[in-house]
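Worksheet for the structure shown next.
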Amino acid sequence: MKHTISVLVENQSGVLARISGLFSARGFNIDSLAVGETEDSTVSRMTIVSHGDNRVIDQIMKQLNKLVDVIQVTDLTQAEMIERELILIKIQATAANRADLMQIVNTFRAKVVDVTPKSLTIEVTGNQSKIDAMLELLRPFGIKEVARTGVIALARGLESKSKDKEKKGTAKKIVLTA
Amino acid sequence: MAELTGAQILIECLKREEVDCIFGLPGGAILPTFDALYDSGLKFILVRHEQGASHMADGYARATGRVGVCLVTSGPGATNTVTGLATAFMDSVPLVCITGQVATHVIGSDAFQEADVIGITRPVTKHNFLVRDVKDLARIVREAFYIARTGRPGPVVIDFPVDVSRAKTEFEYPSEVKIRGYAPTPLADSKQIQKAAAAIMESKRPCLYVGGGAVGSGAQKEIMELVNKTGIPITTTVLGLGIFPEDHPSSLRMLGMHGTHYANYSVQGSDLLIAVGARFDDRVTGNIQKFAPHAKIIHIDIDPASISKTILVHIPIVGDIKPAVRELIKHVKDKRVQIKDWLKQIDEWKAKHPLKYDDSGPHIKQQYVIDKIGELTKHKAVVTTGVGQHQMWTAQWYQFSAPRSMITSGGLGTMGYGFPAAIGAQLGRPKEQVICIDGDGSFQMTMCELVTAAHYRIPVKIFIMDNAHHGMVRQWQELFYHRRYSASQLGPSNPNFIKVAEGCGVLGIEVNKKEEVIPAIKKALAHEGPVLVHCVVAKEDNVYPMVPSGHALDQVMDMA
Ligand SMILES: Cc1ncc(C[n+]2csc(CCOP(=O)(O)OP(=O)(O)O)c2C)c(N)n1
C-alpha cells in the first residue's frame, strides 16, 4: 500500500544523502520525495511517498527515526491529510487542437504558463488522482515533457500540531496518526 | 580566556571524556592534532595499518565497555578504517574515529589525500560529523561520544579538516548534550513487561535466547537472577557468550549454525522464546520461515528497529535491558515444577548430543588446543578470534564464564579482527590474560601489528591454528562444492610464522605434536611479553554440529 510519510529533519547539508542512502541500502522504495524548509528555518520537511506492506512501512518509520538528524517521523496516510503536487506539462499544440486543450485546462483549473506557435505549457496542482487524470486526458495530444515536484502533504486541522508539541522532548519520535 | 587551536581543543575534549588510550597513525591533514598530542600526556598506540587501529579501538571497547578511540589521517588513512567501522557497526560497539580531512576551502576539489569520508562511512556508522567551524568542535566531540555509547551503541566518525584544527577559539566543554533528533534510552513500558511476565508464567516450554545487547547493557546479574528464579533454560548467540556461565546446568550454550543440538532443539521446540538483546541474525535462525514454529516471541531490545525486523514479535519491550529484566524478575516465579517435562526433554537432548570431536587421528585437533587453553586459563581469559572454523571451535570449546570475555566479529565476520582486537583488549584490561585464537588465514590479514605488540610489549598470547587452509571455506567446498578447493589452500605459501614472530621481536613457540600442546600453553601464559604459538593442526577437519544455510535450525548435520 502507498504511504505518505512526513519527516522533519535538521536543515543541514548531507541529511538528504542520509535519507536516500537509507532507502537504497535497505531496499525501500521511494515513489517521490520532496524537501523544503518549514516555518522554522533550522528544520526541513521531507515528504516521502513509498509503498510496501505493513512490515516494510514499519521498518521505514523505525529506521528513519533512528537517524540522528531526523527530528520526527509521521505516517500521514491513515490521517486526514492534504496532499498536493505541482506539475508542468509541455504539449504539442496546433491551431486545430488548441480549443480542445483549453477546455481540459479550464475543467481542471489548470493554468497556461507558456505559449509558443507549436507548444503549450500547463501548470496544475492537486492531489495525485487529479494529476493522473489530467495526464491521461492530455496524453492523446502529444505530451513533450513533464516535470513534477513530488507530493507534499500536511495533516488537516491543528490536532497533529499539538500532538507534535506533546511529543517533543519525549523519547518517542514516531507519530502514527492512525 | 585564552584561545586554543582546534587540535588543542580536540585533545582537551578527549581528556574530558577520560580517554586513556588512542590508536592510530599520523599523516599530513592530521599533523596539527598529532602536534597537540605530542606533549598531552595521552597514551597513543602507533599501529602499522589503520585497519589495526580501528580493530584495536573496537577490542578495547568490547573488553571495557568504554568508547574506543582512533585517530588517523585523511584519504587512505581514513579509508583503511572502514572495515573496522563496519565491524563495530554490525556488532554495536562504541567507537569514536577521528579522521583528518583536507582544508575546508578545497573540499570537493580532489585535493591531495582527499576522500569523501562522510559519504564513505555514512552506511557503516551510527552517525558522522564534518567539523566546518572550530566553534562547533567541542560540541561535536561531546555529541560524538554521547551518541557512540548511548542507546544501541555504535561507531561515530568525526571528519576534521586541517584548517579547522589550526583555527582558534575559546574552549568550553558543553556540560550537557541536547540533540533534538536523538532520544536514546526509552524506558521499557511496564504494561509490556507485565504481559511478558504473564506469558512466561503460562508457558510450558520457555527458552531464553540472549545476545550481545545484554552484554552491552551489563545485565549479567539480572540474567542470572532471572534464570535462577524461574529455572528457564538459556542459550546465547556468539556475541552473548559469557553473559551466562556455560557450566551452569541451565546453560544450553550457543545456538545457531554451529550451536549445540540441544540449544537449537530447545528453540525449535519452545512455546515461548524470550529474546534479550539479540537480533535474529540468519546465522542464528537458519531458515526464518521455519524458525521456532510453535513459539510466541518476547523481544527485549533497546533498538525499536530491531523488533519485528526479520521475525514477527508478539510482545515487544523497547528499553535498556538491565532495568527491563530487573523489572521482569519481580513479576515471575519459579517454574521448575511446571516445566519439568520440558527440562527433562532438554536433559535427554544434552545427554544424547553433547559437543564432541574425534581425537583419534595423528594430528592435533584445534578443539583439543582450545579446550586446554580454556582449562589452563580457568575459563577466565579475555579471548579474541579471527573468523572461520577456529572461531566457531573457540565458541564451542573455550567454555566462557564471564561477560566481555569473548571478543569476536559476529555480524560482519571480519577476518583479521582477532589479533588487533586482542591488543586493544589488553590495553583496556592490562592485568588480565588476553588470548587471541586465530586462523592462519585470518592472522595474515593484520599480522603487521606484531611489530606494535612487540614495541609496546603488549603481552597478548596468539595461538595460530594452522590448518594450512581457509578452513571454513574449505569445509563449505567439501560439503557443498564437490571438494573443488578453489583458492582455499594456504599451506604451500604460508610464511614461517615463527620467523615472522621473531623478526618482529615476538617470542615464537612451535607446536607439532599433541604432547607439546600443554607445555606450550603454559610457557606462553608464563611469558611476560607477547607470544605467538604456532600450532600445526589437522588440515581437513569440519566444524560440527552444522545447520546448513537455508535449513531449519533442527536439521542438524553432525559427525558420524
Ligand atoms: C576479510 C574477510 N575475507 C574473506 C572472508 C571469507 N572467509 C570466511 S572464513 C574464511 C577462511 C578463514 O581461514 P582461517 O583464518 O585460516 O580460519 P579457519 O577457518 O581455517 O579456522 C574466509 C576466507 C571473511 N570472513 N573475511
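A note on labels: chains of the C-alpha cells are A, B, ... as shown, every chain counts residues from 1, and ligands are counted from 1 in their shown order.
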**Item:** Test item: residues lying within 7 Å of ligand 1 with only C-alpha atoms and all ligand atoms, as an MDAnalysis selection string
**Value:** chainID B and resid 386:391 413:416 438:443 465:467 469:473
**Selection near Thr377 in chain B, 10 Å with only C-alpha atoms, sequence-local residues under 2 positions removed, as a list in words** = Lys372, Ile373, Gly374, Glu375, His379, Lys380, Ala381, Val382, Tyr398, Gln433, Val434, Ile435, Ile521, Lys522 and Leu525 of chain B
Could you save those same residues with all heavy atoms as a CSV table (one decimal), in the first residue's frame?
```
chain,number,residue,atom,x,y,z
B,372,LYS,N,42.1,-27.0,26.1
B,372,LYS,CA,43.2,-26.9,27.1
B,372,LYS,C,43.5,-25.5,27.4
B,372,LYS,O,43.8,-25.2,28.6
B,372,LYS,CB,44.5,-27.6,26.5
B,372,LYS,CG,44.4,-29.1,26.4
B,372,LYS,CD,44.1,-29.7,27.8
B,372,LYS,CE,43.4,-31.1,27.6
B,372,LYS,NZ,42.7,-31.6,28.8
B,373,ILE,N,43.4,-24.6,26.4
B,373,ILE,CA,43.6,-23.2,26.7
B,373,ILE,C,42.5,-22.8,27.8
B,373,ILE,O,42.8,-22.1,28.7
B,373,ILE,CB,43.5,-22.3,25.5
B,373,ILE,CG1,44.6,-22.6,24.5
B,373,ILE,CG2,43.5,-20.8,25.8
B,373,ILE,CD1,44.5,-21.9,23.2
B,374,GLY,N,41.3,-23.2,27.5
B,374,GLY,CA,40.2,-22.9,28.5
B,374,GLY,C,40.5,-23.4,29.9
B,374,GLY,O,40.4,-22.7,30.9
B,375,GLU,N,41.0,-24.7,30.0
B,375,GLU,CA,41.3,-25.2,31.3
B,375,GLU,C,42.4,-24.5,32.0
B,375,GLU,O,42.3,-24.1,33.2
B,375,GLU,CB,41.8,-26.7,31.1
B,375,GLU,CG,40.7,-27.7,31.3
B,375,GLU,CD,41.2,-29.1,31.0
B,375,GLU,OE1,42.3,-29.5,31.5
B,375,GLU,OE2,40.6,-29.8,30.1
B,379,HIS,N,39.1,-20.7,32.3
B,379,HIS,CA,37.9,-20.1,31.6
B,379,HIS,C,37.7,-18.6,31.9
B,379,HIS,O,36.6,-18.1,31.8
B,379,HIS,CB,36.6,-20.9,31.9
B,379,HIS,CG,36.8,-22.4,31.7
B,379,HIS,ND1,36.9,-23.0,30.5
B,379,HIS,CD2,37.1,-23.4,32.6
B,379,HIS,CE1,37.1,-24.3,30.6
B,379,HIS,NE2,37.3,-24.5,31.9
B,380,LYS,N,38.8,-18.0,32.3
B,380,LYS,CA,38.7,-16.6,32.7
B,380,LYS,C,39.4,-15.6,31.8
B,380,LYS,O,39.4,-14.4,32.1
B,380,LYS,CB,39.1,-16.4,34.1
B,380,LYS,CG,38.2,-17.1,35.1
B,380,LYS,CD,38.3,-16.4,36.5
B,380,LYS,CE,37.3,-16.9,37.5
B,380,LYS,NZ,37.7,-18.0,38.3
B,381,ALA,N,40.1,-16.1,30.8
B,381,ALA,CA,40.9,-15.1,30.0
B,381,ALA,C,39.9,-14.3,29.1
B,381,ALA,O,38.7,-14.7,28.9
B,381,ALA,CB,41.8,-15.9,29.1
B,382,VAL,N,40.4,-13.2,28.6
B,382,VAL,CA,39.7,-12.5,27.5
B,382,VAL,C,40.2,-13.1,26.2
B,382,VAL,O,41.4,-13.1,25.9
B,382,VAL,CB,40.1,-11.0,27.6
B,382,VAL,CG1,39.4,-10.3,26.4
B,382,VAL,CG2,39.7,-10.4,28.9
B,398,TYR,N,35.8,-23.2,24.4
B,398,TYR,CA,36.6,-22.5,25.4
B,398,TYR,C,35.8,-22.6,26.8
B,398,TYR,O,36.4,-22.6,27.8
B,398,TYR,CB,36.8,-21.0,25.0
B,398,TYR,CG,37.6,-20.3,26.1
B,398,TYR,CD1,39.0,-20.5,26.2
B,398,TYR,CD2,37.0,-19.6,27.1
B,398,TYR,CE1,39.8,-19.9,27.2
B,398,TYR,CE2,37.7,-19.0,28.1
B,398,TYR,CZ,39.1,-19.1,28.2
B,398,TYR,OH,39.9,-18.6,29.2
B,433,GLN,N,44.7,-11.8,31.5
B,433,GLN,CA,45.3,-12.6,30.4
B,433,GLN,C,44.4,-12.4,29.2
B,433,GLN,O,43.2,-12.7,29.2
B,433,GLN,CB,45.2,-14.1,30.9
B,433,GLN,CG,46.0,-15.1,30.1
B,433,GLN,CD,47.4,-15.0,30.4
B,433,GLN,OE1,48.2,-14.5,29.6
B,433,GLN,NE2,47.8,-15.6,31.5
B,434,VAL,N,45.1,-12.0,28.1
B,434,VAL,CA,44.4,-11.8,26.8
B,434,VAL,C,44.9,-12.8,25.8
B,434,VAL,O,46.1,-12.8,25.6
B,434,VAL,CB,44.4,-10.4,26.3
B,434,VAL,CG1,43.7,-10.3,25.0
B,434,VAL,CG2,43.8,-9.4,27.3
B,435,ILE,N,44.0,-13.5,25.2
B,435,ILE,CA,44.5,-14.6,24.2
B,435,ILE,C,43.8,-14.4,22.9
B,435,ILE,O,42.6,-14.2,22.9
B,435,ILE,CB,44.1,-15.9,24.8
B,435,ILE,CG1,45.1,-16.2,26.0
B,435,ILE,CG2,44.2,-17.1,23.8
B,435,ILE,CD1,44.9,-17.4,26.7
B,521,ILE,N,51.3,-24.1,26.0
B,521,ILE,CA,50.3,-23.1,26.5
B,521,ILE,C,50.9,-22.5,27.8
B,521,ILE,O,50.8,-21.3,28.1
B,521,ILE,CB,48.9,-23.8,26.8
B,521,ILE,CG1,48.3,-24.3,25.5
B,521,ILE,CG2,48.0,-22.8,27.5
B,521,ILE,CD1,47.0,-25.1,25.7
B,522,LYS,N,51.4,-23.4,28.7
B,522,LYS,CA,51.9,-23.0,30.0
B,522,LYS,C,53.1,-22.0,29.8
B,522,LYS,O,53.2,-21.0,30.4
B,522,LYS,CB,52.4,-24.2,30.8
B,522,LYS,CG,51.3,-25.0,31.4
B,522,LYS,CD,51.8,-26.1,32.3
B,522,LYS,CE,50.6,-26.8,32.9
B,522,LYS,NZ,51.0,-28.1,33.4
B,525,LEU,N,51.7,-18.7,28.6
B,525,LEU,CA,51.0,-17.9,29.6
B,525,LEU,C,52.0,-17.3,30.6
B,525,LEU,O,51.8,-16.2,31.2
B,525,LEU,CB,50.0,-18.8,30.3
B,525,LEU,CG,48.8,-19.3,29.5
B,525,LEU,CD1,47.9,-20.2,30.3
B,525,LEU,CD2,48.0,-18.2,28.9
```
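Using only C-alpha atoms, the smallest distance between any of A:Val73, A:Met1, A:Ala110, A:Ile82 and chain B comes from A:Val73.
When CA of Leu4 in chain B is paired with CA of Leu37 in chain B, their separation reads 13.5 Å.
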**Message:** I'd like the neighbourhood of Arg205 in chain B as a PyMOL selection string, where a residue qualifies if any of its atoms comes within 9 Å (using only C-alpha atoms), though same-chain residues fewer than 6 positions away should be ignored.
**Reply:** chain B and resi 232+266+269-273+295+339+341-343
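Residues of chain B lying within 6 Å of chain A, counting only C-alpha atoms, are B:Gly181, B:Tyr182, B:Ala183, B:Pro186, B:Ala305.
The interatomic distance for the pair CA of Leu10 in chain B and CA of His455 in chain B works out to 26.6 Å.
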**Prompt:** Near range 94-97 of chain A, counting only C-alpha atoms, which residues have an atom at most 8 Å away, once you skip same-chain residues fewer than 3 positions from it, shown as a ChimeraX atom specification?
**Reply:** /A:100-101,117-119,141
**Request:** Select, from A:Thr125, A:Ser6, A:Thr116, A:Gln92, the residue with the minimum atom-to-atom distance to Ala155 in chain A, counting only C-alpha atoms.
**Result:** A:Ser6
**Request:** List every residue of range 418-510 of chain B that DSSP, applied to the backbone of this structure, assigns to strand (DSSP E or B), and report them as a VMD selection string.
**Result:** chain B and resid 434 to 439 461 to 466 469 489 507 to 510
Emit the selected residues as an mmCIF file, in the first residue's frame, including N, CA and C atoms.
```cif
data_model
loop_
_atom_site.group_PDB
_atom_site.id
_atom_site.type_symbol
_atom_site.label_atom_id
_atom_site.label_comp_id
_atom_site.auth_asym_id
_atom_site.auth_seq_id
_atom_site.Cartn_x
_atom_site.Cartn_y
_atom_site.Cartn_z
ATOM 1 N N VAL B 434 45.075 -11.990 28.098
ATOM 2 C CA VAL B 434 44.350 -11.825 26.836
ATOM 3 C C VAL B 434 44.930 -12.779 25.802
ATOM 4 N N ILE B 435 44.037 -13.522 25.167
ATOM 5 C CA ILE B 435 44.454 -14.569 24.246
ATOM 6 C C ILE B 435 43.759 -14.384 22.911
ATOM 7 N N CYS B 436 44.545 -14.483 21.854
ATOM 8 C CA CYS B 436 43.938 -14.457 20.522
ATOM 9 C C CYS B 436 44.046 -15.855 19.931
ATOM 10 N N ILE B 437 42.893 -16.442 19.627
ATOM 11 C CA ILE B 437 42.892 -17.727 18.926
ATOM 12 C C ILE B 437 42.570 -17.413 17.473
ATOM 13 N N ASP B 438 43.543 -17.642 16.604
ATOM 14 C CA ASP B 438 43.420 -17.143 15.238
ATOM 15 C C ASP B 438 43.607 -18.259 14.220
ATOM 16 N N GLY B 439 43.114 -18.026 13.002
ATOM 17 C CA GLY B 439 43.386 -18.940 11.901
ATOM 18 C C GLY B 439 44.619 -18.459 11.153
ATOM 19 N N LYS B 461 48.762 -13.311 23.966
ATOM 20 C CA LYS B 461 49.220 -14.641 23.552
ATOM 21 C C LYS B 461 48.420 -15.041 22.319
ATOM 22 N N ILE B 462 49.140 -15.204 21.225
ATOM 23 C CA ILE B 462 48.467 -15.544 19.971
ATOM 24 C C ILE B 462 48.636 -17.033 19.726
ATOM 25 N N PHE B 463 47.538 -17.712 19.505
ATOM 26 C CA PHE B 463 47.595 -19.127 19.127
ATOM 27 C C PHE B 463 47.102 -19.243 17.692
ATOM 28 N N ILE B 464 48.010 -19.526 16.778
ATOM 29 C CA ILE B 464 47.595 -19.691 15.386
ATOM 30 C C ILE B 464 47.260 -21.149 15.149
ATOM 31 N N MET B 465 46.018 -21.381 14.756
ATOM 32 C CA MET B 465 45.583 -22.732 14.424
ATOM 33 C C MET B 465 45.846 -22.916 12.936
ATOM 34 N N ASP B 466 47.026 -23.453 12.648
ATOM 35 C CA ASP B 466 47.453 -23.530 11.249
ATOM 36 C C ASP B 466 46.981 -24.842 10.626
ATOM 37 N N HIS B 469 44.793 -23.976 5.528
ATOM 38 C CA HIS B 469 43.657 -23.676 4.648
ATOM 39 C C HIS B 469 42.881 -22.471 5.168
ATOM 40 N N GLN B 489 43.436 -23.129 -0.328
ATOM 41 C CA GLN B 489 44.657 -23.699 0.238
ATOM 42 C C GLN B 489 45.687 -22.613 0.544
ATOM 43 N N LEU B 507 58.194 -13.542 20.807
ATOM 44 C CA LEU B 507 58.602 -14.925 21.056
ATOM 45 C C LEU B 507 57.726 -15.885 20.259
ATOM 46 N N GLY B 508 58.373 -16.841 19.571
ATOM 47 C CA GLY B 508 57.618 -17.835 18.821
ATOM 48 C C GLY B 508 57.774 -19.204 19.451
ATOM 49 N N ILE B 509 56.659 -19.944 19.531
ATOM 50 C CA ILE B 509 56.708 -21.314 20.055
ATOM 51 C C ILE B 509 56.037 -22.228 19.032
ATOM 52 N N GLU B 510 56.734 -23.275 18.656
ATOM 53 C CA GLU B 510 56.228 -24.182 17.632
ATOM 54 C C GLU B 510 55.586 -25.403 18.303
#
```
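For the choices A:Lys90, A:Phe23, A:Glu37, A:Thr4, the atom-to-atom distance to His51 in chain A is smallest for A:Thr4 when using only C-alpha atoms.
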**Fill in**
In terms of only C-alpha atoms, the residue from B:Lys204, B:Lys43, B:His314, B:His55 at minimal distance from Lys15 in chain B is B:Lys43
**Asked** What's the 8 Å shell around range 113-120 of chain B, counting only C-alpha atoms, without same-chain residues fewer than 5 positions away, as JSON, numbers by chain?
**Response** {"B": [74, 75, 76, 78, 79, 101, 102, 107, 128, 129, 130, 157, 159]}
For the residues selected in the previous step, produce a file with all heavy atoms as a compact mmCIF listing (two decimals), in the first residue's frame.
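Saved the output as result37.txt:
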```txt
# COMPACT_ATOMS: atom_id res chain seq x y z
N SER B 74 43.72 11.81 6.66
CA SER B 74 42.67 11.87 5.65
C SER B 74 42.86 10.77 4.60
O SER B 74 43.82 10.01 4.65
CB SER B 74 42.71 13.23 4.97
OG SER B 74 43.91 13.33 4.22
N GLY B 75 42.00 10.73 3.62
CA GLY B 75 42.14 9.86 2.44
C GLY B 75 42.42 8.42 2.81
O GLY B 75 41.56 7.76 3.41
N PRO B 76 43.60 7.89 2.47
CA PRO B 76 43.86 6.47 2.69
C PRO B 76 43.85 6.08 4.16
O PRO B 76 43.48 4.95 4.50
CB PRO B 76 45.25 6.26 2.08
CG PRO B 76 45.89 7.61 2.10
CD PRO B 76 44.76 8.58 1.89
N ALA B 78 41.92 7.29 6.43
CA ALA B 78 40.51 7.16 6.79
C ALA B 78 39.88 5.93 6.15
O ALA B 78 39.18 5.15 6.81
CB ALA B 78 39.75 8.42 6.38
N THR B 79 40.15 5.71 4.85
CA THR B 79 39.50 4.57 4.19
C THR B 79 40.00 3.24 4.79
O THR B 79 39.26 2.27 4.81
CB THR B 79 39.72 4.56 2.66
OG1 THR B 79 41.13 4.61 2.38
CG2 THR B 79 39.04 5.75 2.01
N GLN B 101 41.09 15.65 7.54
CA GLN B 101 40.45 15.95 6.24
C GLN B 101 41.20 17.14 5.63
O GLN B 101 41.85 17.91 6.35
CB GLN B 101 38.96 16.27 6.46
CG GLN B 101 38.14 16.56 5.20
CD GLN B 101 38.24 15.48 4.14
OE1 GLN B 101 39.23 15.38 3.39
NE2 GLN B 101 37.22 14.62 4.07
N VAL B 102 41.13 17.24 4.33
CA VAL B 102 41.77 18.39 3.67
C VAL B 102 41.07 19.67 4.13
O VAL B 102 39.99 19.62 4.71
CB VAL B 102 41.71 18.25 2.13
CG1 VAL B 102 42.44 16.98 1.68
CG2 VAL B 102 40.27 18.24 1.63
N ILE B 107 37.81 21.20 -0.01
CA ILE B 107 36.96 20.00 -0.02
C ILE B 107 36.14 19.98 -1.31
O ILE B 107 35.55 20.99 -1.69
CB ILE B 107 36.03 19.98 1.21
CG1 ILE B 107 36.83 19.64 2.47
CG2 ILE B 107 34.90 18.94 1.04
CD1 ILE B 107 36.02 19.56 3.75
N ASN B 128 27.87 10.47 11.67
CA ASN B 128 29.18 11.08 11.43
C ASN B 128 29.06 12.60 11.32
O ASN B 128 27.99 13.14 11.06
CB ASN B 128 29.90 10.45 10.23
CG ASN B 128 29.10 10.54 8.94
OD1 ASN B 128 28.20 11.36 8.80
ND2 ASN B 128 29.43 9.68 7.99
N PHE B 129 30.19 13.26 11.60
CA PHE B 129 30.21 14.72 11.63
C PHE B 129 31.36 15.24 10.78
O PHE B 129 32.47 14.70 10.86
CB PHE B 129 30.49 15.23 13.05
CG PHE B 129 29.45 14.92 14.08
CD1 PHE B 129 29.55 13.77 14.86
CD2 PHE B 129 28.41 15.80 14.32
CE1 PHE B 129 28.62 13.50 15.84
CE2 PHE B 129 27.47 15.53 15.31
CZ PHE B 129 27.57 14.38 16.08
N LEU B 130 31.12 16.29 10.03
CA LEU B 130 32.20 17.04 9.42
C LEU B 130 32.30 18.35 10.20
O LEU B 130 31.31 19.07 10.32
CB LEU B 130 31.90 17.32 7.94
CG LEU B 130 32.85 18.28 7.22
CD1 LEU B 130 34.27 17.72 7.16
CD2 LEU B 130 32.35 18.57 5.80
N VAL B 157 32.08 8.82 13.41
CA VAL B 157 33.26 9.42 12.78
C VAL B 157 33.20 10.94 12.93
O VAL B 157 32.14 11.55 12.77
CB VAL B 157 33.33 9.04 11.28
CG1 VAL B 157 34.29 9.95 10.52
CG2 VAL B 157 33.77 7.58 11.13
N ASP B 159 35.06 13.92 11.09
CA ASP B 159 35.96 14.28 9.99
C ASP B 159 36.45 15.70 10.27
O ASP B 159 35.64 16.63 10.39
CB ASP B 159 35.17 14.19 8.67
CG ASP B 159 36.09 13.97 7.48
OD1 ASP B 159 37.23 13.50 7.66
OD2 ASP B 159 35.65 14.28 6.35
```
**Request:** Would you mind reading off the distance between CA of Ala395 in chain B and CA of Lys365 in chain B, one decimal, in Å?
**Result:** 15.0 Å
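Take the candidates A:Ala34, A:Arg26, A:Gly52, A:Ile104 and check each one against Lys2 in chain A using only C-alpha atoms; the shortest distance goes to A:Gly52.
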**Request:** Report the residues of range 175-331 of chain B whose backbone DSSP state falls under alpha helix (DSSP H), written as JSON, numbers by chain.
**Result:** {"B": [190, 191, 192, 193, 194, 195, 196, 197, 198, 199, 200, 201, 202, 212, 213, 214, 215, 216, 217, 220, 221, 222, 223, 224, 225, 226, 227, 228, 229, 230, 261, 262, 263, 264, 265, 266, 267, 268, 269, 282, 283, 284, 285, 321, 322, 323, 324, 325, 326, 327, 328, 329, 330]}
Could you pull the residues within 12 Å of Leu154 in chain A, counting only C-alpha atoms, minus those fewer than 5 positions along the same chain, as a PDB file with N, CA and C atoms, in the first residue's frame?
```
ATOM      1  N   THR A   4       2.178   8.041   2.689  1.00  0.00           N
ATOM      2  CA  THR A   4       2.786   9.366   2.629  1.00  0.00           C
ATOM      3  C   THR A   4       3.403   9.651   3.993  1.00  0.00           C
ATOM      4  N   ILE A   5       4.714   9.768   4.011  1.00  0.00           N
ATOM      5  CA  ILE A   5       5.430   9.901   5.277  1.00  0.00           C
ATOM      6  C   ILE A   5       6.059  11.289   5.346  1.00  0.00           C
ATOM      7  N   SER A   6       5.768  11.957   6.414  1.00  0.00           N
ATOM      8  CA  SER A   6       6.306  13.303   6.597  1.00  0.00           C
ATOM      9  C   SER A   6       7.461  13.231   7.592  1.00  0.00           C
ATOM     10  N   VAL A   7       8.610  13.747   7.201  1.00  0.00           N
ATOM     11  CA  VAL A   7       9.807  13.611   8.027  1.00  0.00           C
ATOM     12  C   VAL A   7      10.376  14.999   8.305  1.00  0.00           C
ATOM     13  N   LEU A   8      10.435  15.383   9.573  1.00  0.00           N
ATOM     14  CA  LEU A   8      11.083  16.645   9.924  1.00  0.00           C
ATOM     15  C   LEU A   8      12.546  16.362  10.210  1.00  0.00           C
ATOM     16  N   THR A  38      10.776  24.555   6.613  1.00  0.00           N
ATOM     17  CA  THR A  38       9.490  24.720   7.303  1.00  0.00           C
ATOM     18  C   THR A  38       9.402  26.120   7.898  1.00  0.00           C
ATOM     19  N   ARG A  45      11.192  19.903   5.973  1.00  0.00           N
ATOM     20  CA  ARG A  45      10.225  18.809   5.933  1.00  0.00           C
ATOM     21  C   ARG A  45      10.447  18.015   4.646  1.00  0.00           C
ATOM     22  N   MET A  46      10.590  16.725   4.801  1.00  0.00           N
ATOM     23  CA  MET A  46      10.649  15.852   3.631  1.00  0.00           C
ATOM     24  C   MET A  46       9.337  15.096   3.579  1.00  0.00           C
ATOM     25  N   THR A  47       8.732  15.112   2.415  1.00  0.00           N
ATOM     26  CA  THR A  47       7.529  14.300   2.242  1.00  0.00           C
ATOM     27  C   THR A  47       7.908  13.150   1.319  1.00  0.00           C
ATOM     28  N   ILE A  48       7.829  11.958   1.867  1.00  0.00           N
ATOM     29  CA  ILE A  48       8.245  10.781   1.108  1.00  0.00           C
ATOM     30  C   ILE A  48       7.019   9.918   0.839  1.00  0.00           C
ATOM     31  N   THR A  74       6.231  11.056  10.736  1.00  0.00           N
ATOM     32  CA  THR A  74       4.783  10.870  10.842  1.00  0.00           C
ATOM     33  C   THR A  74       4.259  10.183   9.590  1.00  0.00           C
ATOM     34  N   ASP A  75       3.506   9.117   9.804  1.00  0.00           N
ATOM     35  CA  ASP A  75       2.834   8.491   8.668  1.00  0.00           C
ATOM     36  C   ASP A  75       1.467   9.153   8.530  1.00  0.00           C
ATOM     37  N   LEU A  76       1.299   9.959   7.483  1.00  0.00           N
ATOM     38  CA  LEU A  76       0.065  10.744   7.333  1.00  0.00           C
ATOM     39  C   LEU A  76      -1.057   9.937   6.693  1.00  0.00           C
ATOM     40  N   THR A  77      -0.737   8.777   6.223  1.00  0.00           N
ATOM     41  CA  THR A  77      -1.658   8.047   5.363  1.00  0.00           C
ATOM     42  C   THR A  77      -3.011   7.787   6.001  1.00  0.00           C
ATOM     43  N   ALA A  79      -4.308   9.314   8.453  1.00  0.00           N
ATOM     44  CA  ALA A  79      -4.968  10.502   8.985  1.00  0.00           C
ATOM     45  C   ALA A  79      -5.673  11.271   7.872  1.00  0.00           C
ATOM     46  N   GLU A  80      -6.397  12.292   8.285  1.00  0.00           N
ATOM     47  CA  GLU A  80      -6.927  13.239   7.318  1.00  0.00           C
ATOM     48  C   GLU A  80      -5.775  14.118   6.904  1.00  0.00           C
ATOM     49  N   MET A  81      -5.475  14.121   5.632  1.00  0.00           N
ATOM     50  CA  MET A  81      -4.354  14.965   5.229  1.00  0.00           C
ATOM     51  C   MET A  81      -4.673  15.709   3.945  1.00  0.00           C
ATOM     52  N   ILE A  82      -3.910  16.755   3.738  1.00  0.00           N
ATOM     53  CA  ILE A  82      -3.995  17.479   2.482  1.00  0.00           C
ATOM     54  C   ILE A  82      -2.728  17.144   1.714  1.00  0.00           C
ATOM     55  N   GLU A  83      -2.946  16.647   0.506  1.00  0.00           N
ATOM     56  CA  GLU A  83      -1.816  16.233  -0.311  1.00  0.00           C
ATOM     57  C   GLU A  83      -1.822  17.071  -1.581  1.00  0.00           C
ATOM     58  N   ARG A  84      -0.705  17.610  -1.968  1.00  0.00           N
ATOM     59  CA  ARG A  84      -0.660  18.386  -3.210  1.00  0.00           C
ATOM     60  C   ARG A  84       0.619  18.079  -3.974  1.00  0.00           C
ATOM     61  N   GLU A 159      -4.820  19.473  15.137  1.00  0.00           N
ATOM     62  CA  GLU A 159      -4.611  18.345  16.032  1.00  0.00           C
ATOM     63  C   GLU A 159      -3.180  17.808  16.024  1.00  0.00           C
ATOM     64  N   SER A 160      -2.690  17.515  14.814  1.00  0.00           N
ATOM     65  CA  SER A 160      -1.387  16.861  14.758  1.00  0.00           C
ATOM     66  C   SER A 160      -0.302  17.802  15.255  1.00  0.00           C
ATOM     67  N   LYS A 161      -0.531  19.091  15.045  1.00  0.00           N
ATOM     68  CA  LYS A 161       0.437  20.067  15.534  1.00  0.00           C
ATOM     69  C   LYS A 161       0.598  19.969  17.044  1.00  0.00           C
ATOM     70  N   THR A 177      -0.490   8.764  13.111  1.00  0.00           N
ATOM     71  CA  THR A 177      -1.798   9.426  13.218  1.00  0.00           C
ATOM     72  C   THR A 177      -2.875   8.486  12.694  1.00  0.00           C
TER      73      THR A 177
END
```
**Counting only C-alpha atoms, the residue of A:Leu33, A:Val115, A:Val15, A:Thr149 that sits nearest His3 in chain A** = A:Leu33
